[in-house]
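Since the structure comes first, as structure tokens, the remarks are kept for the end.
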Amino acid sequence: MTTELTTQRTFTDAADLLAVIQPATGGRRIMDPATGELVGLAPEHTVPDLESAITAARASQPAWGALTHGERSAFLNGAADAVEASAEALAELLSREQGKPLNGPNARFEVGACAAWLRATASFELEPEVLFDDESGRAELHYRPLGVVGAIGPWNWPMMISTWQLAPALRMGNTVVLKPSGNTPLSVLALGHVLNTALPADVLHVVSGHRDVGAVLAAHPDIAKIMFTGSTATGQDIIRSSADTVKRLTLELGGNDAGIVLPDVDPQAIAEDLFWGAFINTGQTCASLKRLYVHEDIYEEVVDALSQVARAMPMGVGIDETNVLGPLQNKAQFEIVANLVQAAKDDGARIVVGGNPETGQPGYFYPTTLVADIKNDNPLVTEEQFGPALPVVKYSTVDEAVEMANGLEVGLGASVWSSDKDKAREVAARIQAGSVWINKHGTVDPRAPFGGAKMSGYGVEFGVEGLKHLGQPQVISY
Ligand code: NAD
């Protein structure tokens, strides 16, 4: 395999990155969701482009797979160095295309997480496991590369989620063809370009197409596994299209995370963590708090404390350093949120903060919205709103709260809030979700497996468990 790298260089700003990823002619106009201004031109890759990428990734896989874990980890660490060297340029482009502010837990944070995940993924130990070694013989469990992995991602955390998919895939000796969302292709093309300055040729390809390109990737006979993050409906399409080739799948799908606040909390003390649990990335986060269940004894105090935090958080154009909340990424998402809040108003729910988007302004800004006195069967509660609108439902008994939390078909994350950790752990054990946080929500860690229960998907990412999902288990016995 050639280990000659693309010219290693540092990018200083978004324009510098755009200069290397935009097509020489044509391209699709990508607009800034905060201002409506042109961000850049995205290449319109087609199915033949995808075929070429898969052929090249397939050709490079045997040599990449033949490297040791240590050698591949060294490449991942080099890729992390490259991301860090161009971090500000990547964050600026991400902010302009996705809408999230530079500041707060947003664009700079996301780029930082890409480097952190690359390094963590490089650091995990995965030694062959000796299953038994006695007078009857010996058996060892190894994890071999699968081949070419297809990665398909969403638009909310485009760089970070792409990294979650590609880093373990590469570490395990697979090569990768990545298809970003049509809403945020520039961010992922730029990240791919930067990573490729530190990776051997052809182990990572980014193909910037639409659903049709994704559908061909998901069904392709030369793709061994699909890492998919996106909606449950698309995940179901991918399950169907994987059938003919018995493709391996990791599916990180939609969620509608519940938080249960027990009556023993100090509302002021938890308000800011509750806020960010729900409103990180302006609510456009798979595992963010989307339904809050609060005990009747402290209901008003929690709503009041949350509303004080909500009013203090500046929302606006992401490139402006003062903002920590941005616009919705696209018009369709804006309309989903606006319609769900309207449904809550129509049903008599109380709008505590927000709920009235300004009209006639550029950008898909929906104000931070808290909705109280809402029924548990209201669509703002039962559907994934994926935006800055949090319904707060009152409950009387813990049994009732647990039943409401478990009442939906999805189960990505959940949280329990209490000053008594043992009590919180008891409640956590009763919740049907892949992750349950106590006194925080949505804080993922590269060492801890992350995945959904029920219709939020299957398979896990992160940690050694995540690596195993990118390998073919092979038992050697003698
Ligand atoms: P989406 O399902 O519309 O699209 C995701 C990706 O799939 C895009 O790249 C799209 O082009 C591609 N795609 C669409 N149809 C396809 C098909 N038939 N075959 C193959 N690929 C296809 O999702 P979205 O709107 O981009 O993202 C929002 C959703 O993602 C929300 O439901 C959110 O909860 C979920 N999400 C989940 C996680 C998680 O870790 N569980 C993380 C982030 C987002």
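How things are named: the first chain in the structure tokens is A, the next is B, and so on; residues count from 1 in each chain; ligands count from 1 in the order shown.
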Could you list, as a VMD selection string, all protein and nucleic acid residues with an atom at most 6 Å from ligand 1, counting only C-alpha atoms and all ligand atoms? chain A and resid 152 to 155 180 to 182 210 to 211 214 to 215 218 229 to 231 234 237 to 238 252 to 255 285 to 286
What does the file look like for those residues with C-alpha atoms, as a PDB file, in the first residue's frame?
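Result written to out_35.pdb:
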ATOM      1  CA  ILE A 152     -24.358   7.437   6.087  1.00  0.00           C
ATOM      2  CA  GLY A 153     -24.931  10.411   8.346  1.00  0.00           C
ATOM      3  CA  PRO A 154     -27.336  13.202   9.317  1.00  0.00           C
ATOM      4  CA  TRP A 155     -27.037  17.004   9.309  1.00  0.00           C
ATOM      5  CA  PRO A 180     -23.000  12.919   4.291  1.00  0.00           C
ATOM      6  CA  SER A 181     -26.468  14.424   4.457  1.00  0.00           C
ATOM      7  CA  GLY A 182     -27.381  16.557   1.447  1.00  0.00           C
ATOM      8  CA  HIS A 210     -28.484  12.647  -2.056  1.00  0.00           C
ATOM      9  CA  ARG A 211     -30.770   9.852  -0.895  1.00  0.00           C
ATOM     10  CA  GLY A 214     -27.273   6.634  -0.095  1.00  0.00           C
ATOM     11  CA  ALA A 215     -29.736   3.983  -1.246  1.00  0.00           C
ATOM     12  CA  ALA A 218     -26.827   0.759   1.397  1.00  0.00           C
ATOM     13  CA  THR A 229     -27.213   7.551  11.803  1.00  0.00           C
ATOM     14  CA  GLY A 230     -30.467   9.239  10.929  1.00  0.00           C
ATOM     15  CA  SER A 231     -34.210   8.850  11.208  1.00  0.00           C
ATOM     16  CA  THR A 234     -34.609   5.751   6.747  1.00  0.00           C
ATOM     17  CA  ASP A 237     -35.327   1.411   4.435  1.00  0.00           C
ATOM     18  CA  ILE A 238     -31.698   0.488   5.041  1.00  0.00           C
ATOM     19  CA  GLU A 252     -28.396   4.940  15.424  1.00  0.00           C
ATOM     20  CA  LEU A 253     -31.929   6.170  14.819  1.00  0.00           C
ATOM     21  CA  GLY A 254     -34.378   8.701  16.128  1.00  0.00           C
ATOM     22  CA  GLY A 255     -35.092   9.260  19.783  1.00  0.00           C
ATOM     23  CA  THR A 285     -29.523  16.361  18.873  1.00  0.00           C
ATOM     24  CA  CYS A 286     -30.579  12.723  18.773  1.00  0.00           C
TER      25      CYS A 286
END
Could you make a table, as JSON lines, of the residues of segment 169-271 of chain A that have an atom within 8 Å of an atom of segment 87-99 of chain A, each with its nearest atom pair and distance in Å to one decimal, counting only C-alpha atoms, in chain and number order?
{"residue": "A:Asn183", "atom": "CA", "partner": "A:Gln98", "partner_atom": "CA", "distance": 8.0}
{"residue": "A:Thr184", "atom": "CA", "partner": "A:Glu97", "partner_atom": "CA", "distance": 6.3}
{"residue": "A:Leu186", "atom": "CA", "partner": "A:Glu97", "partner_atom": "CA", "distance": 7.3}
{"residue": "A:Ser187", "atom": "CA", "partner": "A:Leu94", "partner_atom": "CA", "distance": 5.4}
{"residue": "A:Ala190", "atom": "CA", "partner": "A:Leu90", "partner_atom": "CA", "distance": 7.1}
{"residue": "A:Leu191", "atom": "CA", "partner": "A:Leu90", "partner_atom": "CA", "distance": 7.1}
Please produce an output containing all heavy atoms for each residue in the selection, written as a CSV table (one decimal), in the first residue's frame.
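Output below, filename again.csv:
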chain,number,residue,atom,x,y,z
A,183,ASN,N,-27.9,18.1,3.3
A,183,ASN,CA,-28.0,19.4,3.9
A,183,ASN,C,-26.6,19.9,4.4
A,183,ASN,O,-26.4,21.1,4.6
A,183,ASN,CB,-28.9,19.4,5.2
A,183,ASN,CG,-30.3,19.2,4.8
A,183,ASN,OD1,-30.7,19.6,3.7
A,183,ASN,ND2,-31.1,18.5,5.6
A,184,THR,N,-25.7,19.0,4.7
A,184,THR,CA,-24.4,19.5,5.2
A,184,THR,C,-23.2,18.8,4.6
A,184,THR,O,-22.3,18.2,5.3
A,184,THR,CB,-24.3,19.2,6.8
A,184,THR,OG1,-24.7,17.9,7.0
A,184,THR,CG2,-25.1,20.2,7.6
A,186,LEU,N,-20.7,20.1,2.8
A,186,LEU,CA,-19.4,20.8,2.8
A,186,LEU,C,-18.6,20.5,4.1
A,186,LEU,O,-17.4,20.3,4.0
A,186,LEU,CB,-19.6,22.4,2.7
A,186,LEU,CG,-20.3,22.8,1.4
A,186,LEU,CD1,-20.6,24.3,1.5
A,186,LEU,CD2,-19.4,22.6,0.2
A,187,SER,N,-19.3,20.5,5.2
A,187,SER,CA,-18.6,20.2,6.5
A,187,SER,C,-17.9,18.8,6.4
A,187,SER,O,-16.7,18.7,6.8
A,187,SER,CB,-19.6,20.2,7.6
A,187,SER,OG,-20.3,21.4,7.7
A,190,ALA,N,-15.0,18.7,3.9
A,190,ALA,CA,-13.8,19.4,4.4
A,190,ALA,C,-13.1,18.6,5.5
A,190,ALA,O,-11.9,18.4,5.5
A,190,ALA,CB,-14.3,20.8,5.0
A,191,LEU,N,-13.9,18.0,6.3
A,191,LEU,CA,-13.3,17.1,7.3
A,191,LEU,C,-12.6,15.9,6.6
A,191,LEU,O,-11.5,15.6,7.0
A,191,LEU,CB,-14.4,16.5,8.3
A,191,LEU,CG,-13.9,15.5,9.3
A,191,LEU,CD1,-13.1,16.2,10.4
A,191,LEU,CD2,-15.1,14.7,9.9
Work out how far apart atom CA of Ala424 of chain A and atom CA of Leu251 of chain A are and give it in Å to one decimal. 28.5 Å
Taking the DSSP secondary structure from the backbone, can you list the residues of segment 76-209 of chain A that are strand (DSSP E), as a PyMOL selection string? chain A and resi 129-134+137-145+148-152+175-179+204-206
Report the residues of segment 190-315 of chain A whose backbone DSSP state falls under alpha helix (DSSP H), written as an NGL selection string. :A and (190-196 or 211-219 or 232-242 or 267-279 or 299-312)
I'd like the neighbourhood of Gly112 of chain A as an MDAnalysis selection string, where a residue qualifies if any of its atoms comes within 12 Å (using only C-alpha atoms), though same-chain residues fewer than 4 positions away should be ignored. chainID A and resid 80:88 90:91 102 105:108 116:119 159:160 163
Store the residues picked out above, limited to N, CA and C atoms, as a short mmCIF file (atom, residue, chain, number, x, y, z; two decimals), in the first residue's frame.
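Output saved as result10.cif:
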data_model
loop_
_atom_site.label_atom_id
_atom_site.label_comp_id
_atom_site.auth_asym_id
_atom_site.auth_seq_id
_atom_site.Cartn_x
_atom_site.Cartn_y
_atom_site.Cartn_z
N ALA A 80 -5.98 13.06 13.87
CA ALA A 80 -6.41 13.97 14.95
C ALA A 80 -5.54 15.22 14.96
N ASP A 81 -4.24 15.06 14.75
CA ASP A 81 -3.34 16.22 14.69
C ASP A 81 -3.78 17.16 13.56
N ALA A 82 -4.11 16.56 12.40
CA ALA A 82 -4.51 17.37 11.25
C ALA A 82 -5.79 18.15 11.55
N VAL A 83 -6.75 17.51 12.23
CA VAL A 83 -8.00 18.20 12.60
C VAL A 83 -7.68 19.35 13.54
N GLU A 84 -6.83 19.10 14.51
CA GLU A 84 -6.51 20.16 15.48
C GLU A 84 -5.80 21.34 14.79
N ALA A 85 -4.93 21.02 13.83
CA ALA A 85 -4.18 22.09 13.16
C ALA A 85 -5.11 23.00 12.34
N SER A 86 -6.22 22.45 11.85
CA SER A 86 -7.15 23.25 11.03
C SER A 86 -8.48 23.47 11.75
N ALA A 87 -8.47 23.38 13.08
CA ALA A 87 -9.72 23.36 13.85
C ALA A 87 -10.57 24.61 13.63
N GLU A 88 -9.95 25.77 13.62
CA GLU A 88 -10.75 26.99 13.52
C GLU A 88 -11.41 27.11 12.14
N LEU A 90 -12.26 24.57 10.21
CA LEU A 90 -13.34 23.57 10.18
C LEU A 90 -14.56 24.08 10.95
N ALA A 91 -14.32 24.68 12.11
CA ALA A 91 -15.42 25.17 12.94
C ALA A 91 -16.17 26.30 12.23
N LEU A 102 -20.22 29.21 16.81
CA LEU A 102 -18.83 28.83 17.09
C LEU A 102 -18.67 28.52 18.56
N PRO A 105 -21.40 24.82 23.49
CA PRO A 105 -21.18 23.42 23.10
C PRO A 105 -21.59 23.21 21.65
N ASN A 106 -20.90 23.87 20.74
CA ASN A 106 -21.34 23.92 19.35
C ASN A 106 -20.20 23.59 18.38
N ALA A 107 -19.87 24.54 17.46
CA ALA A 107 -18.97 24.19 16.35
C ALA A 107 -17.54 23.87 16.81
N ARG A 108 -16.96 24.75 17.66
CA ARG A 108 -15.59 24.45 18.11
C ARG A 108 -15.58 23.17 18.94
N ALA A 116 -10.82 14.30 19.57
CA ALA A 116 -10.83 13.48 20.79
C ALA A 116 -11.26 12.05 20.48
N TRP A 117 -12.26 11.91 19.62
CA TRP A 117 -12.75 10.56 19.29
C TRP A 117 -11.72 9.78 18.47
N LEU A 118 -11.03 10.47 17.58
CA LEU A 118 -9.98 9.79 16.81
C LEU A 118 -8.91 9.26 17.75
N ARG A 119 -8.50 10.10 18.69
CA ARG A 119 -7.43 9.68 19.63
C ARG A 119 -7.91 8.55 20.54
N MET A 159 -19.88 16.55 11.39
CA MET A 159 -18.46 16.15 11.48
C MET A 159 -18.28 15.11 12.57
N MET A 160 -18.93 15.34 13.71
CA MET A 160 -18.71 14.44 14.85
C MET A 160 -19.28 13.05 14.57
N THR A 163 -17.16 11.15 12.24
CA THR A 163 -15.96 10.64 12.92
C THR A 163 -16.31 9.40 13.75
#
Considering only C-alpha atoms, can you say which of A:Met313, A:Ala258, A:Leu50, A:Val475 comes closest to Leu390 of chain A?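 Smallest separation from Leu390 of chain A among the options: A:Ala258.
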